[in-house]
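First comes the structure, then the notes that go with it.
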Amino acid sequence: MGKVIAITGAGDGLGRALARRFARDGETVILLGRTLAKVQAVADEIGAPHRAIECDVAQPDSVRAAFAEIARTHPKIDVLINNAGIFQPFDVGEVTDEQVYSLIHTNLAGPIFCVREALPLLRGGGHVINVSSEAADIEMPMLWLYAGTKAALEQVSLQWSRDLAAEGVRVSVIQAGMMFDETKTASGWPPQLSMRFAQANAAVGIDLRASPRSHYDTVTAAFRSVIDSPPDLHFATIKLRARHPSQKAS
């Protein structure tokens, strides 16, 4: 019997790629997203029995309602992938109140809210996978808050891994590097901000234009391996990095 896998931020990017992958693999996917139309479009594409549920992970009431809806049809979740996140660069002197609250609530509080509400459905064999970023290890200019929320999520995950073991719940972190697919042609930031970000990184030796990127579909293979790991084997933190084309032949 296939697994029931809930994915936050499933409307595009890595979340959409994961939903497509697991649907092809025969799992049942629950797609969670702040914009219902986006996750519904993916659910319609992959077809039944997969379903979309509106869920703004930054809002505890929205998370409560979403997991109550899941519980009505799925008394057990095998895997929860906390993928939803906000990636924004800014300097500390210019950051707005909204940006501070949005990043902290979505990137850190969101996974906490989701695990809290999903825990009754995960007990006795469930697996939580929290998606982090290489930014937690690389001191990239203007990404201090994004990196801080991801580093905090990794620490939270480490302690959850210990605390939830008695309840039969595994907790893993997958720290991803730069990724792309054919629909992702730009960051979506204003051109001036993108230029400032690139220049700030170049000033410390990080050439974003030359940095390798993995395809989202390739990255899904790592999630597949973690989910399929035997129950007596635990992946605490997996760090994925893209390889340069010249390295792939070796």
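Simple scheme: letters A, B, ... for chains in structure tokens order, numbers from 1 for residues in each chain, numbers from 1 for ligands in the order shown.
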
Practice prompt. Tell me which protein, DNA and RNA residues are within 10 Å of Pro141 in chain A, counting only C-alpha atoms, leaving out same-chain ones fewer than 4 positions away, and put them as a ChimeraX atom specification.
Written response: /A:89-91,135,196-204,206

For the selection you just gave me, I'd like the residues written to a file as a PDB file, in the first residue's frame, keeping C-alpha atoms.
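So again.pdb came out as:
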```pdb
ATOM      1  CA  PRO A  89      17.336  39.274   0.421  1.00  0.00           C
ATOM      2  CA  PHE A  90      17.639  42.610   2.226  1.00  0.00           C
ATOM      3  CA  ASP A  91      19.959  44.592   4.457  1.00  0.00           C
ATOM      4  CA  ALA A 135      22.316  29.322   3.013  1.00  0.00           C
ATOM      5  CA  ARG A 196      22.391  44.434  -5.587  1.00  0.00           C
ATOM      6  CA  PHE A 197      22.203  40.844  -4.355  1.00  0.00           C
ATOM      7  CA  ALA A 198      24.520  39.602  -7.105  1.00  0.00           C
ATOM      8  CA  GLN A 199      26.990  42.422  -6.528  1.00  0.00           C
ATOM      9  CA  ALA A 200      27.029  41.922  -2.752  1.00  0.00           C
ATOM     10  CA  ASN A 201      27.777  38.224  -3.201  1.00  0.00           C
ATOM     11  CA  ALA A 202      30.424  38.855  -5.846  1.00  0.00           C
ATOM     12  CA  ALA A 203      32.152  41.197  -3.392  1.00  0.00           C
ATOM     13  CA  VAL A 204      32.716  38.256  -1.009  1.00  0.00           C
ATOM     14  CA  ILE A 206      30.342  34.186  -4.537  1.00  0.00           C
TER      15      ILE A 206
END
```

I need the residues in range 26-156 of chain A that are alpha helix (DSSP H) according to DSSP; give them as a PDB file with C-alpha atoms, in the first residue's frame.
```
ATOM      1  CA  LEU A  36      -5.502  27.197  -3.327  1.00  0.00           C
ATOM      2  CA  ALA A  37      -5.622  27.749  -7.091  1.00  0.00           C
ATOM      3  CA  LYS A  38      -1.909  26.883  -7.435  1.00  0.00           C
ATOM      4  CA  VAL A  39      -2.016  23.641  -5.474  1.00  0.00           C
ATOM      5  CA  GLN A  40      -5.362  22.713  -7.045  1.00  0.00           C
ATOM      6  CA  ALA A  41      -3.811  23.071 -10.503  1.00  0.00           C
ATOM      7  CA  VAL A  42      -1.083  20.575  -9.554  1.00  0.00           C
ATOM      8  CA  ALA A  43      -3.621  18.234  -7.942  1.00  0.00           C
ATOM      9  CA  ASP A  44      -5.734  18.344 -11.111  1.00  0.00           C
ATOM     10  CA  GLU A  45      -2.652  17.573 -13.190  1.00  0.00           C
ATOM     11  CA  ILE A  46      -1.655  14.489 -11.195  1.00  0.00           C
ATOM     12  CA  PRO A  60      -1.945  28.696  13.056  1.00  0.00           C
ATOM     13  CA  ASP A  61      -5.702  28.714  12.477  1.00  0.00           C
ATOM     14  CA  SER A  62      -5.164  27.900   8.802  1.00  0.00           C
ATOM     15  CA  VAL A  63      -2.833  25.030   9.732  1.00  0.00           C
ATOM     16  CA  ARG A  64      -5.321  23.684  12.290  1.00  0.00           C
ATOM     17  CA  ALA A  65      -8.117  23.744   9.737  1.00  0.00           C
ATOM     18  CA  ALA A  66      -5.986  22.066   7.066  1.00  0.00           C
ATOM     19  CA  PHE A  67      -4.908  19.147   9.229  1.00  0.00           C
ATOM     20  CA  ALA A  68      -8.414  18.724  10.613  1.00  0.00           C
ATOM     21  CA  GLU A  69      -9.547  18.375   7.000  1.00  0.00           C
ATOM     22  CA  ILE A  70      -6.788  15.845   6.301  1.00  0.00           C
ATOM     23  CA  ALA A  71      -7.764  13.802   9.367  1.00  0.00           C
ATOM     24  CA  ARG A  72     -11.319  13.435   8.062  1.00  0.00           C
ATOM     25  CA  THR A  73     -10.107  11.228   5.223  1.00  0.00           C
ATOM     26  CA  ASP A  97       8.234  44.790   9.702  1.00  0.00           C
ATOM     27  CA  GLU A  98       6.256  42.656   7.262  1.00  0.00           C
ATOM     28  CA  GLN A  99       9.378  40.987   5.897  1.00  0.00           C
ATOM     29  CA  VAL A 100      10.615  40.119   9.384  1.00  0.00           C
ATOM     30  CA  TYR A 101       7.289  38.634  10.414  1.00  0.00           C
ATOM     31  CA  SER A 102       6.715  36.849   7.097  1.00  0.00           C
ATOM     32  CA  LEU A 103      10.064  35.072   7.015  1.00  0.00           C
ATOM     33  CA  ILE A 104      10.040  34.048  10.666  1.00  0.00           C
ATOM     34  CA  GLY A 110       5.202  27.319   9.940  1.00  0.00           C
ATOM     35  CA  PRO A 111       6.930  23.938  10.325  1.00  0.00           C
ATOM     36  CA  ILE A 112       6.301  24.095  14.071  1.00  0.00           C
ATOM     37  CA  PHE A 113       2.585  24.695  13.549  1.00  0.00           C
ATOM     38  CA  CYS A 114       2.413  21.903  10.951  1.00  0.00           C
ATOM     39  CA  VAL A 115       4.202  19.300  13.058  1.00  0.00           C
ATOM     40  CA  ARG A 116       2.118  20.182  16.103  1.00  0.00           C
ATOM     41  CA  GLU A 117      -1.140  19.641  14.216  1.00  0.00           C
ATOM     42  CA  ALA A 118       0.113  16.628  12.247  1.00  0.00           C
ATOM     43  CA  LEU A 119       1.581  14.813  15.243  1.00  0.00           C
ATOM     44  CA  PRO A 120      -1.568  12.772  16.067  1.00  0.00           C
ATOM     45  CA  LEU A 121      -1.507  11.528  12.453  1.00  0.00           C
ATOM     46  CA  LEU A 122       2.234  10.814  12.446  1.00  0.00           C
ATOM     47  CA  TRP A 144      20.924  36.789   7.036  1.00  0.00           C
ATOM     48  CA  LEU A 145      17.275  36.362   8.076  1.00  0.00           C
ATOM     49  CA  TYR A 146      16.503  33.585   5.600  1.00  0.00           C
ATOM     50  CA  ALA A 147      19.655  31.763   6.683  1.00  0.00           C
ATOM     51  CA  GLY A 148      18.828  32.388  10.330  1.00  0.00           C
ATOM     52  CA  THR A 149      15.372  30.848  10.035  1.00  0.00           C
ATOM     53  CA  LYS A 150      16.796  27.790   8.262  1.00  0.00           C
ATOM     54  CA  ALA A 151      19.570  27.353  10.828  1.00  0.00           C
ATOM     55  CA  ALA A 152      16.984  27.596  13.598  1.00  0.00           C
ATOM     56  CA  LEU A 153      14.799  25.020  11.843  1.00  0.00           C
ATOM     57  CA  GLU A 154      17.768  22.645  11.702  1.00  0.00           C
ATOM     58  CA  GLN A 155      18.317  23.004  15.448  1.00  0.00           C
ATOM     59  CA  VAL A 156      14.610  22.503  16.137  1.00  0.00           C
TER      60      VAL A 156
END
```

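Counting only C-alpha atoms and comparing A:Asp207, A:Glu167, A:Asp12, A:Asp228, the residue that lies closest to Asn83 in chain A is A:Asp12.
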
Worksheet item: If we count only C-alpha atoms, what is near Ile81 in chain A at a cut-off of 9 Å, once residues fewer than 6 positions away on the same chain are taken out, given as a PyMOL selection string?
Response: chain A and resi 5-8+15+111+127-131

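Among the candidate residues A:Ala166, A:Cys55, A:Val95, A:Ala19, the one lying nearest to Arg34 in chain A is A:Cys55, with distances computed using only C-alpha atoms.
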
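These are the residues of range 3-148 of chain A assigned strand (DSSP E) by DSSP from backbone coordinates: Val4, Ile5, Ala6, Ile7, Thr8, Thr28, Val29, Ile30, Leu31, Leu32, Gly33, Arg51, Ala52, Ile53, Glu54, Val79, Leu80, Ile81, Asn82, His127, Val128, Ile129, Asn130, Val131, Ser132 and Ser133 of chain A.
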
Could the residues in this selection be saved with N, CA and C atoms as a PDB file, in the first residue's frame?
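Saved the output as result.pdb:
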```
ATOM      1  N   VAL A   4       0.930   7.918   2.486  1.00  0.00           N
ATOM      2  CA  VAL A   4       0.242   9.208   2.444  1.00  0.00           C
ATOM      3  C   VAL A   4       1.285  10.270   2.772  1.00  0.00           C
ATOM      4  N   ILE A   5       1.517  11.186   1.829  1.00  0.00           N
ATOM      5  CA  ILE A   5       2.574  12.182   1.962  1.00  0.00           C
ATOM      6  C   ILE A   5       1.968  13.574   1.841  1.00  0.00           C
ATOM      7  N   ALA A   6       2.114  14.383   2.878  1.00  0.00           N
ATOM      8  CA  ALA A   6       1.645  15.770   2.867  1.00  0.00           C
ATOM      9  C   ALA A   6       2.835  16.685   2.601  1.00  0.00           C
ATOM     10  N   ILE A   7       2.644  17.631   1.683  1.00  0.00           N
ATOM     11  CA  ILE A   7       3.724  18.523   1.266  1.00  0.00           C
ATOM     12  C   ILE A   7       3.240  19.957   1.346  1.00  0.00           C
ATOM     13  N   THR A   8       3.916  20.793   2.106  1.00  0.00           N
ATOM     14  CA  THR A   8       3.572  22.213   2.131  1.00  0.00           C
ATOM     15  C   THR A   8       4.316  22.931   1.005  1.00  0.00           C
ATOM     16  N   THR A  28      -0.027   8.490  -2.167  1.00  0.00           N
ATOM     17  CA  THR A  28      -1.141   9.443  -2.114  1.00  0.00           C
ATOM     18  C   THR A  28      -0.602  10.758  -1.597  1.00  0.00           C
ATOM     19  N   VAL A  29      -0.768  11.813  -2.381  1.00  0.00           N
ATOM     20  CA  VAL A  29      -0.168  13.105  -2.057  1.00  0.00           C
ATOM     21  C   VAL A  29      -1.241  14.102  -1.637  1.00  0.00           C
ATOM     22  N   ILE A  30      -0.985  14.782  -0.529  1.00  0.00           N
ATOM     23  CA  ILE A  30      -1.823  15.881  -0.077  1.00  0.00           C
ATOM     24  C   ILE A  30      -1.029  17.154  -0.280  1.00  0.00           C
ATOM     25  N   LEU A  31      -1.533  18.006  -1.165  1.00  0.00           N
ATOM     26  CA  LEU A  31      -0.816  19.212  -1.541  1.00  0.00           C
ATOM     27  C   LEU A  31      -1.347  20.392  -0.736  1.00  0.00           C
ATOM     28  N   LEU A  32      -0.483  21.008   0.045  1.00  0.00           N
ATOM     29  CA  LEU A  32      -0.854  22.139   0.887  1.00  0.00           C
ATOM     30  C   LEU A  32      -0.206  23.407   0.349  1.00  0.00           C
ATOM     31  N   GLY A  33      -0.982  24.485   0.288  1.00  0.00           N
ATOM     32  CA  GLY A  33      -0.425  25.744  -0.198  1.00  0.00           C
ATOM     33  C   GLY A  33      -1.284  26.925   0.201  1.00  0.00           C
ATOM     34  N   ARG A  51      -5.077  15.292  -3.500  1.00  0.00           N
ATOM     35  CA  ARG A  51      -5.980  16.419  -3.259  1.00  0.00           C
ATOM     36  C   ARG A  51      -5.215  17.628  -2.780  1.00  0.00           C
ATOM     37  N   ALA A  52      -5.812  18.797  -3.036  1.00  0.00           N
ATOM     38  CA  ALA A  52      -5.243  20.082  -2.629  1.00  0.00           C
ATOM     39  C   ALA A  52      -6.048  20.659  -1.479  1.00  0.00           C
ATOM     40  N   ILE A  53      -5.333  21.236  -0.526  1.00  0.00           N
ATOM     41  CA  ILE A  53      -5.968  21.882   0.620  1.00  0.00           C
ATOM     42  C   ILE A  53      -5.287  23.225   0.859  1.00  0.00           C
ATOM     43  N   GLU A  54      -6.087  24.248   1.005  1.00  0.00           N
ATOM     44  CA  GLU A  54      -5.531  25.568   1.291  1.00  0.00           C
ATOM     45  C   GLU A  54      -4.913  25.582   2.688  1.00  0.00           C
ATOM     46  N   VAL A  79       4.263  10.655   5.875  1.00  0.00           N
ATOM     47  CA  VAL A  79       5.348  11.621   5.707  1.00  0.00           C
ATOM     48  C   VAL A  79       4.765  13.029   5.646  1.00  0.00           C
ATOM     49  N   LEU A  80       5.401  13.946   6.373  1.00  0.00           N
ATOM     50  CA  LEU A  80       5.101  15.378   6.260  1.00  0.00           C
ATOM     51  C   LEU A  80       6.377  16.068   5.803  1.00  0.00           C
ATOM     52  N   ILE A  81       6.306  16.731   4.652  1.00  0.00           N
ATOM     53  CA  ILE A  81       7.450  17.481   4.137  1.00  0.00           C
ATOM     54  C   ILE A  81       7.168  18.969   4.303  1.00  0.00           C
ATOM     55  N   ASN A  82       7.891  19.604   5.200  1.00  0.00           N
ATOM     56  CA  ASN A  82       7.760  21.043   5.421  1.00  0.00           C
ATOM     57  C   ASN A  82       8.656  21.769   4.429  1.00  0.00           C
ATOM     58  N   HIS A 127       7.128  10.201   9.496  1.00  0.00           N
ATOM     59  CA  HIS A 127       8.435  10.784   9.192  1.00  0.00           C
ATOM     60  C   HIS A 127       8.244  12.244   8.815  1.00  0.00           C
ATOM     61  N   VAL A 128       8.921  13.133   9.511  1.00  0.00           N
ATOM     62  CA  VAL A 128       8.919  14.561   9.197  1.00  0.00           C
ATOM     63  C   VAL A 128      10.214  14.884   8.466  1.00  0.00           C
ATOM     64  N   ILE A 129      10.094  15.553   7.320  1.00  0.00           N
ATOM     65  CA  ILE A 129      11.276  16.036   6.597  1.00  0.00           C
ATOM     66  C   ILE A 129      11.163  17.548   6.493  1.00  0.00           C
ATOM     67  N   ASN A 130      12.102  18.239   7.121  1.00  0.00           N
ATOM     68  CA  ASN A 130      12.139  19.697   7.072  1.00  0.00           C
ATOM     69  C   ASN A 130      13.153  20.140   6.027  1.00  0.00           C
ATOM     70  N   VAL A 131      12.710  20.986   5.111  1.00  0.00           N
ATOM     71  CA  VAL A 131      13.569  21.436   4.021  1.00  0.00           C
ATOM     72  C   VAL A 131      14.347  22.668   4.467  1.00  0.00           C
ATOM     73  N   SER A 132      15.660  22.548   4.448  1.00  0.00           N
ATOM     74  CA  SER A 132      16.533  23.660   4.781  1.00  0.00           C
ATOM     75  C   SER A 132      17.275  24.104   3.523  1.00  0.00           C
ATOM     76  N   SER A 133      18.313  24.899   3.698  1.00  0.00           N
ATOM     77  CA  SER A 133      19.019  25.482   2.560  1.00  0.00           C
ATOM     78  C   SER A 133      20.509  25.557   2.853  1.00  0.00           C
TER      79      SER A 133
END
```

Response to the item:
Between CA of Ala210 in chain A and CA of Phe223 in chain A lies a distance of 26.0 Å

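Using only C-alpha atoms, the contacts of Asp181 in chain A at a cut-off of 8 Å, with sequence neighbours closer than 4 positions omitted, comprise A:Gly13, A:His215, A:Tyr216, A:Asp217.
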